[in-house]
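What follows is the content of protein.cif, which has mmCIF, C-alpha atoms and all ligand atoms:
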```cif
data_protein
loop_
_atom_site.label_atom_id
_atom_site.label_comp_id
_atom_site.auth_asym_id
_atom_site.auth_seq_id
_atom_site.Cartn_x
_atom_site.Cartn_y
_atom_site.Cartn_z
CA MET A 136 -5.59 -2.26 -32.82
CA SER A 137 -5.61 -0.68 -29.39
CA VAL A 138 -7.44 -2.63 -26.73
CA GLU A 139 -8.82 -1.26 -23.51
CA ILE A 140 -10.19 -3.35 -20.67
CA PRO A 141 -13.64 -1.93 -19.89
CA ILE A 142 -14.30 -0.82 -16.32
CA SER A 143 -17.44 -2.19 -14.67
CA LYS A 144 -20.39 0.21 -14.45
CA ILE A 145 -20.41 0.07 -10.68
CA VAL A 146 -16.75 1.08 -10.39
CA GLN A 147 -17.09 3.70 -13.15
CA GLY A 148 -19.66 5.38 -10.93
CA LEU A 149 -17.33 5.46 -7.92
CA GLU A 150 -16.00 8.83 -6.71
CA PRO A 151 -12.40 8.67 -5.46
CA SER A 152 -11.89 9.77 -1.85
CA ALA A 153 -11.64 13.59 -1.88
CA THR A 154 -9.67 13.67 1.35
CA LEU A 155 -7.05 11.32 -0.04
CA ALA A 156 -7.01 13.28 -3.32
CA MET A 157 -6.36 16.58 -1.48
CA SER A 158 -3.70 14.93 0.63
CA ALA A 159 -2.04 13.60 -2.55
CA LYS A 160 -2.03 17.14 -4.03
CA ALA A 161 -0.48 18.45 -0.80
CA LYS A 162 2.23 15.77 -0.98
CA GLU A 163 2.92 16.63 -4.62
CA LEU A 164 3.41 20.29 -3.70
CA LYS A 165 5.62 19.30 -0.76
CA SER A 166 7.83 17.19 -3.02
CA SER A 167 8.39 20.26 -5.20
CA GLY A 168 10.14 21.78 -2.16
CA LYS A 169 7.30 23.97 -0.77
CA THR A 170 6.30 24.08 2.91
CA VAL A 171 2.76 22.74 3.01
CA TYR A 172 0.36 22.84 5.97
CA ASP A 173 -1.61 19.66 5.48
CA LEU A 174 -4.94 19.74 7.31
CA SER A 175 -6.65 17.52 4.74
CA VAL A 176 -6.43 14.02 6.04
CA GLY A 177 -8.07 12.63 9.18
CA GLU A 178 -5.29 11.01 11.10
CA PRO A 179 -3.51 11.71 14.38
CA ASP A 180 -0.08 13.26 13.88
CA PHE A 181 1.23 11.07 16.73
CA ILE A 182 3.15 7.86 16.16
CA THR A 183 1.46 4.74 17.59
CA PRO A 184 2.35 4.54 21.32
CA GLN A 185 5.49 2.56 22.18
CA HIS A 186 3.86 -0.33 24.09
CA ILE A 187 1.51 -0.98 21.15
CA ARG A 188 4.37 -0.97 18.64
CA ASP A 189 6.30 -3.32 20.95
CA ALA A 190 3.34 -5.70 21.01
CA GLY A 191 3.34 -5.76 17.20
CA VAL A 192 7.05 -6.56 17.10
CA ALA A 193 6.66 -9.23 19.79
CA ALA A 194 3.77 -10.81 17.87
CA MET A 195 5.89 -10.99 14.75
CA ASN A 196 8.89 -12.46 16.59
CA SER A 197 6.83 -15.05 18.39
CA GLY A 198 5.49 -16.43 15.14
CA HIS A 199 2.06 -14.77 14.82
CA THR A 200 2.77 -14.44 11.14
CA LYS A 201 0.15 -16.84 9.79
CA TYR A 202 -3.51 -16.74 8.85
CA THR A 203 -5.82 -16.25 11.80
CA ILE A 204 -9.54 -16.97 12.02
CA ALA A 205 -10.99 -14.79 9.24
CA SER A 206 -13.18 -12.74 11.58
CA GLY A 207 -10.37 -12.05 14.07
CA ILE A 208 -8.45 -13.70 16.91
CA PRO A 209 -10.60 -14.73 19.91
CA GLU A 210 -8.35 -12.79 22.37
CA LEU A 211 -9.00 -9.54 20.51
CA LYS A 212 -12.76 -10.17 20.24
CA LYS A 213 -12.85 -10.82 23.99
CA ALA A 214 -10.90 -7.60 24.67
CA ILE A 215 -13.31 -5.62 22.45
CA VAL A 216 -16.30 -7.01 24.34
CA GLU A 217 -14.70 -6.27 27.73
CA LYS A 218 -13.66 -2.74 26.85
CA TYR A 219 -17.15 -1.87 25.61
CA LYS A 220 -18.65 -3.41 28.73
CA SER A 221 -16.39 -1.46 31.06
CA ASP A 222 -16.87 1.80 29.10
CA TYR A 223 -20.63 1.61 28.50
CA GLY A 224 -21.95 -1.08 30.85
CA PHE A 225 -23.35 -3.12 27.99
CA GLU A 226 -22.39 -6.69 27.14
CA TYR A 227 -22.08 -8.31 23.74
CA GLY A 228 -21.07 -11.92 23.02
CA VAL A 229 -17.75 -12.62 21.26
CA ASN A 230 -19.82 -14.19 18.48
CA GLN A 231 -21.20 -10.69 17.78
CA ILE A 232 -17.79 -9.23 16.89
CA VAL A 233 -16.13 -9.21 13.47
CA VAL A 234 -12.64 -7.71 13.26
CA SER A 235 -11.82 -6.24 9.84
CA ASN A 236 -9.13 -4.33 7.94
CA GLY A 237 -10.09 -0.96 9.43
CA ALA A 238 -13.49 0.56 10.16
CA LYS A 239 -13.91 1.45 6.49
CA HIS A 240 -13.79 -2.25 5.67
CA SER A 241 -16.27 -2.94 8.49
CA ILE A 242 -18.69 -0.46 6.90
CA HIS A 243 -18.25 -2.12 3.51
CA ASN A 244 -18.99 -5.51 5.12
CA ILE A 245 -22.16 -4.19 6.72
CA PHE A 246 -23.60 -2.72 3.52
CA PHE A 247 -22.61 -5.76 1.48
CA THR A 248 -24.20 -8.09 4.00
CA ILE A 249 -27.53 -6.37 4.60
CA VAL A 250 -28.27 -4.06 1.64
CA ASP A 251 -30.24 -5.44 -1.29
CA PRO A 252 -30.40 -3.63 -4.65
CA LYS A 253 -32.39 -0.38 -4.35
CA ASP A 254 -32.55 -0.48 -0.56
CA GLU A 255 -32.22 3.05 0.75
CA VAL A 256 -29.69 4.17 3.34
CA ILE A 257 -30.33 7.55 4.98
CA ILE A 258 -27.09 9.51 5.38
CA PRO A 259 -27.25 12.83 7.22
CA ALA A 260 -25.07 15.47 5.48
CA PRO A 261 -22.44 16.68 5.97
CA TYR A 262 -21.19 13.09 5.96
CA TRP A 263 -17.89 11.25 5.90
CA VAL A 264 -16.78 10.92 2.27
CA SER A 265 -16.90 7.12 1.97
CA TYR A 266 -20.43 6.35 3.18
CA ALA A 267 -22.36 7.15 0.01
CA GLU A 268 -19.82 5.43 -2.24
CA LEU A 269 -19.85 2.26 -0.12
CA VAL A 270 -23.66 2.18 -0.24
CA LYS A 271 -23.57 2.50 -4.04
CA LEU A 272 -20.97 -0.28 -4.32
CA SER A 273 -23.36 -2.63 -2.56
CA GLY A 274 -26.19 -1.72 -4.97
CA GLY A 275 -28.08 0.42 -2.47
CA ILE A 276 -29.25 4.01 -2.81
CA PRO A 277 -27.79 6.70 -0.53
CA VAL A 278 -30.52 9.13 0.53
CA ILE A 279 -28.90 12.35 1.69
CA LEU A 280 -30.60 14.19 4.52
CA GLN A 281 -29.34 17.78 4.63
CA THR A 282 -28.83 19.15 8.12
CA GLU A 283 -28.36 22.84 8.92
CA GLU A 284 -25.53 24.79 10.55
CA SER A 285 -28.21 26.68 12.51
CA ASN A 286 -29.08 23.36 14.21
CA ASN A 287 -25.40 22.49 14.70
CA PHE A 288 -25.63 20.10 11.74
CA LYS A 289 -27.80 17.72 13.75
CA MET A 290 -30.58 15.71 12.19
CA THR A 291 -33.95 16.27 13.87
CA PRO A 292 -36.45 13.41 14.38
CA ALA A 293 -38.88 15.28 12.07
CA GLN A 294 -36.25 15.43 9.28
CA LEU A 295 -35.55 11.73 9.74
CA GLU A 296 -39.20 10.83 9.58
CA LYS A 297 -39.62 12.85 6.38
CA ALA A 298 -36.71 11.04 4.68
CA ILE A 299 -38.14 7.56 5.34
CA THR A 300 -39.76 5.73 2.41
CA PRO A 301 -40.99 2.13 2.09
CA ARG A 302 -37.50 1.26 0.77
CA THR A 303 -35.56 2.72 3.70
CA LYS A 304 -33.49 0.07 5.41
CA ILE A 305 -30.69 1.75 7.31
CA LEU A 306 -30.03 5.01 9.08
CA LEU A 307 -26.38 5.94 9.25
CA LEU A 308 -25.31 7.79 12.39
CA CYS A 309 -21.81 9.18 12.82
CA ASN A 310 -21.35 10.38 16.38
CA PRO A 311 -19.12 12.32 17.07
CA SER A 312 -19.29 13.50 13.49
CA ASN A 313 -16.68 13.57 10.81
CA PRO A 314 -16.62 16.24 9.32
CA THR A 315 -18.29 18.62 11.82
CA GLY A 316 -17.16 17.30 15.23
CA VAL A 317 -20.72 17.74 16.44
CA MET A 318 -22.12 15.28 19.00
CA TYR A 319 -25.65 14.16 19.77
CA ASN A 320 -26.58 14.19 23.45
CA ARG A 321 -28.65 11.48 25.15
CA GLU A 322 -32.00 13.26 24.71
CA GLU A 323 -31.38 13.81 21.00
CA LEU A 324 -30.40 10.16 20.54
CA GLU A 325 -33.50 9.04 22.45
CA ALA A 326 -35.70 11.05 20.10
CA ILE A 327 -33.98 9.49 17.07
CA ALA A 328 -34.25 6.02 18.64
CA GLU A 329 -38.00 6.49 19.04
CA VAL A 330 -38.37 7.08 15.26
CA VAL A 331 -35.98 4.19 14.46
CA ILE A 332 -38.02 1.71 16.48
CA ARG A 333 -41.44 2.99 15.40
CA LYS A 334 -40.44 2.98 11.73
CA ASN A 335 -38.60 -0.34 11.93
CA LEU A 336 -35.24 0.96 10.71
CA PHE A 337 -31.79 -0.55 11.21
CA VAL A 338 -28.90 1.63 12.29
CA LEU A 339 -25.23 1.70 11.42
CA SER A 340 -23.69 3.65 14.30
CA ASP A 341 -20.16 4.76 13.42
CA GLU A 342 -18.55 5.43 16.81
CA ILE A 343 -14.91 5.59 15.69
CA TYR A 344 -14.40 8.92 17.54
CA ASP A 345 -16.04 7.81 20.82
CA LYS A 346 -12.87 8.40 22.84
CA LEU A 347 -12.01 11.75 21.26
CA VAL A 348 -14.56 13.84 23.14
CA TYR A 349 -13.87 17.28 24.67
CA GLY A 350 -14.96 19.37 27.64
CA ASP A 351 -18.33 18.54 29.17
CA ASN A 352 -19.52 16.50 26.22
CA LYS A 353 -20.49 12.97 27.08
CA PHE A 354 -20.48 10.24 24.48
CA VAL A 355 -23.46 7.86 24.50
CA SER A 356 -23.25 4.66 22.45
CA PHE A 357 -26.42 4.25 20.40
CA PRO A 358 -27.55 0.70 21.31
CA THR A 359 -27.33 1.51 25.03
CA ILE A 360 -30.05 4.18 24.75
CA CYS A 361 -33.08 1.95 25.23
CA GLU A 362 -34.51 -1.55 24.88
CA GLY A 363 -34.98 -2.68 21.30
CA LEU A 364 -31.90 -1.03 19.78
CA ARG A 365 -29.42 -3.86 20.27
CA GLU A 366 -31.32 -6.00 17.76
CA ARG A 367 -31.41 -3.29 15.11
CA THR A 368 -28.02 -1.58 15.46
CA ILE A 369 -24.57 -2.39 14.15
CA VAL A 370 -21.83 -0.42 15.90
CA VAL A 371 -18.55 0.32 14.11
CA ASN A 372 -15.34 1.18 15.90
CA GLY A 373 -11.59 0.58 15.59
CA VAL A 374 -8.13 1.56 16.76
CA SER A 375 -7.19 4.04 14.01
CA LYS A 376 -8.16 7.30 15.68
CA THR A 377 -8.11 6.53 19.42
CA TYR A 378 -4.67 4.92 19.43
CA ALA A 379 -3.05 6.68 16.45
CA MET A 380 -3.07 3.40 14.51
CA THR A 381 -4.36 4.43 11.08
CA GLY A 382 -1.78 2.38 9.19
CA TRP A 383 -2.34 -0.85 11.09
CA ARG A 384 -5.86 -1.34 9.66
CA VAL A 385 -7.96 -2.79 12.47
CA GLY A 386 -11.66 -2.02 12.88
CA TRP A 387 -14.62 -4.04 14.15
CA THR A 388 -18.38 -4.34 14.44
CA PHE A 389 -20.86 -5.24 17.18
CA SER A 390 -23.91 -6.74 15.51
CA PRO A 391 -26.65 -9.32 15.93
CA VAL A 392 -25.20 -12.86 15.71
CA ASN A 393 -26.71 -13.73 12.31
CA VAL A 394 -25.18 -10.61 10.74
CA ALA A 395 -21.79 -11.23 12.38
CA LYS A 396 -21.79 -14.79 11.05
CA LYS A 397 -22.50 -13.67 7.49
CA MET A 398 -20.05 -10.77 7.61
CA GLY A 399 -17.36 -13.19 8.82
CA GLU A 400 -18.15 -15.49 5.89
CA LEU A 401 -18.06 -12.58 3.45
CA GLN A 402 -14.70 -11.48 4.83
CA SER A 403 -13.35 -15.04 4.61
CA GLN A 404 -13.96 -14.87 0.85
CA GLU A 405 -12.83 -11.30 0.28
CA THR A 406 -9.75 -10.61 2.41
CA SER A 407 -9.36 -13.47 4.93
CA ASN A 408 -8.19 -12.21 8.33
CA PRO A 409 -7.04 -8.68 9.10
CA CYS A 410 -3.24 -8.53 9.50
CA SER A 411 -2.24 -10.95 12.30
CA VAL A 412 0.44 -8.65 13.74
CA SER A 413 -1.94 -5.68 13.77
CA GLN A 414 -4.53 -7.70 15.66
CA PHE A 415 -2.01 -8.38 18.45
CA ALA A 416 -1.05 -4.70 18.51
CA ALA A 417 -4.76 -3.79 18.76
CA LEU A 418 -5.10 -6.25 21.64
CA ALA A 419 -2.29 -4.43 23.49
CA ALA A 420 -3.98 -1.09 22.74
CA LEU A 421 -7.28 -2.19 24.29
CA THR A 422 -5.89 -4.08 27.28
CA GLY A 423 -2.88 -1.88 28.13
CA SER A 424 -2.74 1.45 29.96
CA GLN A 425 -5.08 4.07 28.49
CA ASP A 426 -2.79 6.94 29.57
CA CYS A 427 -1.62 7.39 25.98
CA VAL A 428 -5.22 8.09 24.92
CA LEU A 429 -5.56 10.76 27.62
CA THR A 430 -2.26 12.36 26.59
CA MET A 431 -3.33 12.59 22.94
CA LEU A 432 -6.81 13.75 23.93
CA SER A 433 -5.40 16.59 25.98
CA ALA A 434 -3.27 17.74 23.01
CA PHE A 435 -6.30 17.55 20.67
CA SER A 436 -8.38 19.46 23.19
CA GLU A 437 -5.90 22.35 23.32
CA ARG A 438 -5.74 22.44 19.53
CA ARG A 439 -9.53 22.39 19.26
CA ASP A 440 -9.84 25.46 21.46
CA TYR A 441 -7.11 27.22 19.52
CA VAL A 442 -8.62 26.42 16.11
CA ALA A 443 -12.21 27.34 17.10
CA GLY A 444 -10.88 30.70 18.37
CA ARG A 445 -8.91 31.39 15.20
CA ILE A 446 -11.78 30.49 12.87
CA ARG A 447 -14.23 32.73 14.70
CA GLU A 448 -11.78 35.64 14.59
CA ILE A 449 -11.58 35.52 10.79
CA ASP A 450 -14.13 37.78 9.16
CA GLY A 451 -17.11 35.81 7.86
CA LEU A 452 -15.96 32.34 8.92
CA SER A 453 -17.97 30.32 11.45
CA CYS A 454 -18.01 26.76 12.73
CA PRO A 455 -20.14 24.75 15.14
CA ASP A 456 -18.71 23.70 18.51
CA MET A 457 -16.53 20.65 18.04
CA GLY A 458 -17.61 18.27 20.79
CA GLY A 459 -15.51 15.42 19.50
CA ALA A 460 -13.31 14.07 16.65
CA PHE A 461 -10.55 16.31 15.27
CA TYR A 462 -12.05 18.43 12.51
CA ALA A 463 -13.28 21.98 12.10
CA PHE A 464 -15.99 22.41 9.46
CA PHE A 465 -16.16 26.09 8.67
CA ASN A 466 -18.54 28.23 6.69
CA ILE A 467 -16.87 30.02 3.75
CA LYS A 468 -20.01 31.30 2.03
CA LYS A 469 -18.97 34.94 2.44
CA TYR A 470 -16.08 34.32 0.05
CA LEU A 471 -17.99 32.48 -2.67
CA GLY A 472 -18.41 34.68 -5.74
CA LYS A 473 -15.38 36.84 -4.76
CA LYS A 474 -11.94 36.95 -6.37
CA ILE A 475 -8.91 35.91 -4.35
CA GLY A 476 -5.46 36.31 -5.93
CA GLY A 477 -7.32 37.28 -9.10
CA VAL A 478 -9.17 33.95 -9.22
CA LEU A 479 -12.96 33.69 -8.95
CA ILE A 480 -13.92 31.50 -6.00
CA ASP A 481 -17.13 29.96 -7.27
CA SER A 482 -17.26 26.81 -5.13
CA SER A 483 -15.83 25.26 -1.99
CA GLU A 484 -13.65 23.14 -4.26
CA LYS A 485 -12.16 26.27 -5.84
CA PHE A 486 -11.69 27.80 -2.37
CA CYS A 487 -9.72 24.76 -1.16
CA LEU A 488 -7.69 24.38 -4.35
CA GLU A 489 -6.72 28.07 -4.37
CA LEU A 490 -5.97 28.00 -0.63
CA LEU A 491 -3.56 25.17 -1.34
CA THR A 492 -2.03 26.74 -4.45
CA GLN A 493 -1.78 30.31 -3.15
CA LYS A 494 -1.09 29.71 0.56
CA GLN A 495 -0.02 26.04 0.81
CA VAL A 496 -2.77 25.05 3.25
CA ALA A 497 -4.50 21.76 2.40
CA THR A 498 -8.15 21.43 3.48
CA VAL A 499 -11.08 19.52 1.96
CA MET A 500 -14.04 21.12 0.20
CA GLY A 501 -17.45 20.84 1.85
CA SER A 502 -18.95 19.53 -1.39
CA ALA A 503 -17.04 16.26 -0.82
CA PHE A 504 -19.07 15.85 2.39
CA GLY A 505 -22.36 16.73 0.67
CA CYS A 506 -22.35 20.32 1.95
CA GLU A 507 -21.35 23.14 -0.42
CA GLY A 508 -20.17 26.40 1.13
CA TYR A 509 -17.90 24.88 3.77
CA ALA A 510 -14.37 23.53 4.17
CA ARG A 511 -13.02 20.89 6.53
CA ALA A 512 -9.67 21.29 8.25
CA SER A 513 -8.27 18.64 10.55
CA PHE A 514 -6.71 19.83 13.80
CA ALA A 515 -4.71 16.63 14.26
CA ALA A 516 -1.55 18.65 13.60
CA SER A 517 0.93 20.37 15.93
CA LEU A 518 0.04 23.79 17.37
CA ASP A 519 2.91 25.30 15.38
CA VAL A 520 1.50 23.93 12.13
CA LEU A 521 -2.00 25.07 13.09
CA LYS A 522 -0.79 28.58 13.95
CA ALA A 523 0.98 28.95 10.62
CA ALA A 524 -1.92 27.40 8.71
CA TYR A 525 -4.53 29.76 10.23
CA ASP A 526 -2.28 32.78 9.62
CA HIS A 527 -2.23 31.71 5.98
CA ILE A 528 -6.00 31.12 5.89
CA ALA A 529 -6.59 34.61 7.34
CA ASP A 530 -4.26 36.14 4.72
CA PHE A 531 -5.96 34.15 1.97
CA VAL A 532 -9.50 35.31 2.70
CA MET A 533 -8.23 38.92 3.08
CA ASP A 534 -6.53 38.46 -0.30
CA LYS A 535 -3.18 39.54 1.15
C1 LIG B 601 -16.25 8.58 10.48
C2 LIG B 601 -15.20 7.61 10.07
N1 LIG B 601 -15.51 6.30 10.01
C3 LIG B 601 -14.61 5.41 9.63
C4 LIG B 601 -13.33 5.78 9.28
C5 LIG B 601 -12.35 4.72 8.83
O1 LIG B 601 -11.41 4.41 9.77
P1 LIG B 601 -10.35 3.24 9.51
O2 LIG B 601 -9.00 3.90 9.43
O3 LIG B 601 -10.45 2.35 10.72
O4 LIG B 601 -10.73 2.54 8.27
C6 LIG B 601 -12.96 7.12 9.31
C7 LIG B 601 -11.61 7.55 8.87
O5 LIG B 601 -11.37 8.66 8.48
C8 LIG B 601 -13.92 8.06 9.73
O6 LIG B 601 -13.62 9.36 9.81
#
```

Entire entry expressed as C-alpha cells:
Amino acid sequence: MSVEIPISKIVQGLEPSATLAMSAKAKELKSSGKTVYDLSVGEPDFITPQHIRDAGVAAMNSGHTKYTIASGIPELKKAIVEKYKSDYGFEYGVNQIVVSNGAKHSIHNIFFTIVDPKDEVIIPAPYWVSYAELVKLSGGIPVILQTEESNNFKMTPAQLEKAITPRTKILLLCNPSNPTGVMYNREELEAIAEVVIRKNLFVLSDEIYDKLVYGDNKFVSFPTICEGLRERTIVVNGVSKTYAMTGWRVGWTFSPVNVAKKMGELQSQETSNPCSVSQFAALAALTGSQDCVLTMLSAFSERRDYVAGRIREIDGLSCPDMGGAFYAFFNIKKYLGKKIGGVLIDSSEKFCLELLTQKQVATVMGSAFGCEGYARASFAASLDVLKAAYDHIADFVMDK
C-alpha cells in the first residue's frame, strides 16, 4: 500500500515564489552550458563590502557563535535606532526593535502577530510576490487594490478609501516599490496618512529600499509624516538590499512596544535568534562608513538611466520612472496575442518563459505581482549584462 503524508490545507494553498522559480529556471539553463542574462531575482550583484565581511569573520573568531537574545543583540538594536534617528530625525526605543532572519521573516512575524482569521490586509498591486502569500499563511485575507500605470502605479486616497471594509486591519505600503521602483512623495503620503488615521487602519510600511533612491527623489519614512502614525505603523527594513547582504538574512521592525514584545516571543518559539555572526556583520554595516552604499547607489543610478532609455526605445514598451529600488516594470501589452518564434504569447508568463527559452533573458511575469500585461527586470546587474540583455529583448519583441 502506498502512503502519502497529506499536506496541510494552508500550505497547499501557498504559491511558490515566482521570482525564485524564474531564477531557478535561469540557473537550470545556465548549467546546460548556455549564456543566460538573469534579471529575475532582486539582489545586488555586488559582494558584501569588505569591512562588513571582516566584521562577520571577527565575530566568529571571537566566539560570537552562540544563541543570542531571540529578538536580536542589544548593540544592533541600538545601532538601528541611532541610524534611523540620524537619517529621519525620529527616535524609537530599543524595546521597539525586533531583529529577524531577513525582512521577509519580519513581515511574516507582523502578520502572524496582529492578523486574526478573516482580517483584511489591503495590498496595492503591483505588489512584491510574498505579501499576499504571507497574509494567507496567517489566516488573513489579502485585498488587492489595483493601481494604474497612468497614475505611475500609485494608490490614490480615493482608491484606498473604496477598498476599506469593516474587516480591514492593515494597509501595506511598499515605498520605494518592488516591482515598479515608483516612490510616493511627502504630499501623497500625507493624503494616505489622513485616510489611515480617519479610518483607524494600521500600516505595514516596507522601507527596505529607502537608501536606493535616485536623482531628485526624496524618501520619506511613513511614521514621520504626522502625529498619530507612530502608534499605528510598523516599519520593516534590513541590510539585504542597501549593503548587498541578501545571504546574511538580517531584517528588523520598528513597532509599538506591545507588538515588538509579542513578535519577539513568537520568534523565540519559531526560529530563536537570527544568525549571531550576521547580526555582528549588520552592526558593522550600520555603524561603519556608508561610502560603500554611495558607490553601489551610483552604479545602480547609471544602470537605471540606461535601462529606462533602452525600454522606451523598444517599440511598444513603456515603464514608469524608477525613483528607487532596482527594478524596471515594463508594459508588454502590445505583444500579447502575437506570435514570437512561432509561439503565441497569450500572457505575461508566456512572454517571460519564451524570452528565457528563445533569448536567454530571465525576467518575471507581471501576473506574479498581481498585474498582467507587464514584466519585471532587475537592473542589479552589470552594464555589460544589461546591454546584452536589452539587445536580446529588442530582438525578441521584433521576432528576429
Ligand atoms: C519589497 C521587499 N520587501 C522585503 C524583501 C525581503 O528582503 P530580505 O532579503 O531582507 O528578506 C524584499 C526582497 O526581495 C523586497 O523586495

May I have the residues within 6 Å of range 242-255 of chain A as a PyMOL selection string, using only C-alpha atoms and disregarding those fewer than 4 positions away in the same chain?
-> chain A and resi 269+273-277+302-304+398

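You will find CA of Pro314 in chain A at 17.1 Å from CA of Pro151 in chain A.
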
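Between ligand LIG 601 (chain B) and the residues A:Leu521, A:Leu308, A:Leu211, A:Leu272, the shortest atom-to-atom distance, using only C-alpha atoms and all ligand atoms, involves A:Leu308.
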
Could you give me the residues within 7 Å of ligand LIG 601 (chain B), counting all atoms listed in the file, as number ranges by chain?
-> A: 177, 237-240, 263, 309, 312-313, 341, 343, 373-375, 381, 384-386

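CA of Met157 in chain A is found 18.0 Å from CA of Thr315 in chain A.
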
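The coordinates place CA of Val176 in chain A at 15.2 Å from CA of Leu164 in chain A.
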
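Remark: for Thr154 in chain A, the closest of the candidate residues A:Glu437, A:Asp345, A:Glu322, A:Glu484 is A:Glu484 (distances computed over only C-alpha atoms).
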
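Proximity to Arg511 in chain A was assessed for A:Thr203, A:Asn352, A:Ser175, A:Gln402 counting all atoms listed in the file; the smallest distance is recorded for A:Ser175.
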
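Distance annotation: of A:Phe504, A:Phe337, A:Phe464, A:Tyr223, the residue with the minimal separation from Pro259 in chain A is A:Phe504; atom set is all atoms listed in the file.
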
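The nearest approach to Ser356 in chain A among the residues A:Asn393, A:Thr422, A:Thr200, A:Asn310, with all atoms listed in the file taken into account, belongs to A:Asn310.
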
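Checking A:Lys334, A:Lys169, A:Lys160, A:Arg188 one by one against Ala417 in chain A, counting all atoms listed in the file, you find the shortest gap at A:Arg188.
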
Radius query 10 Å about (-13.4, -7.5, 17.3), atoms used: only C-alpha atoms, as a PyMOL selection string = chain A and resi 206-216+229-235+371-373+385-389+414+417-418

All residues 10 Å or closer to Tyr378 in chain A, all atoms listed in the file, same chain fewer than 3 positions away omitted, as number ranges by chain | A: 179, 181-184, 187, 346, 373-375, 381, 417, 420-421, 425, 427-428, 431

Give as a ChimeraX atom specification every residue, naming chains and numbers as the document does, that has an atom within 12 Å of (-9.5, 26.8, 16.3), counting only C-alpha atoms.
-> /A:435-449,452-457,461-465,511-516,518,521-522,524-526,528
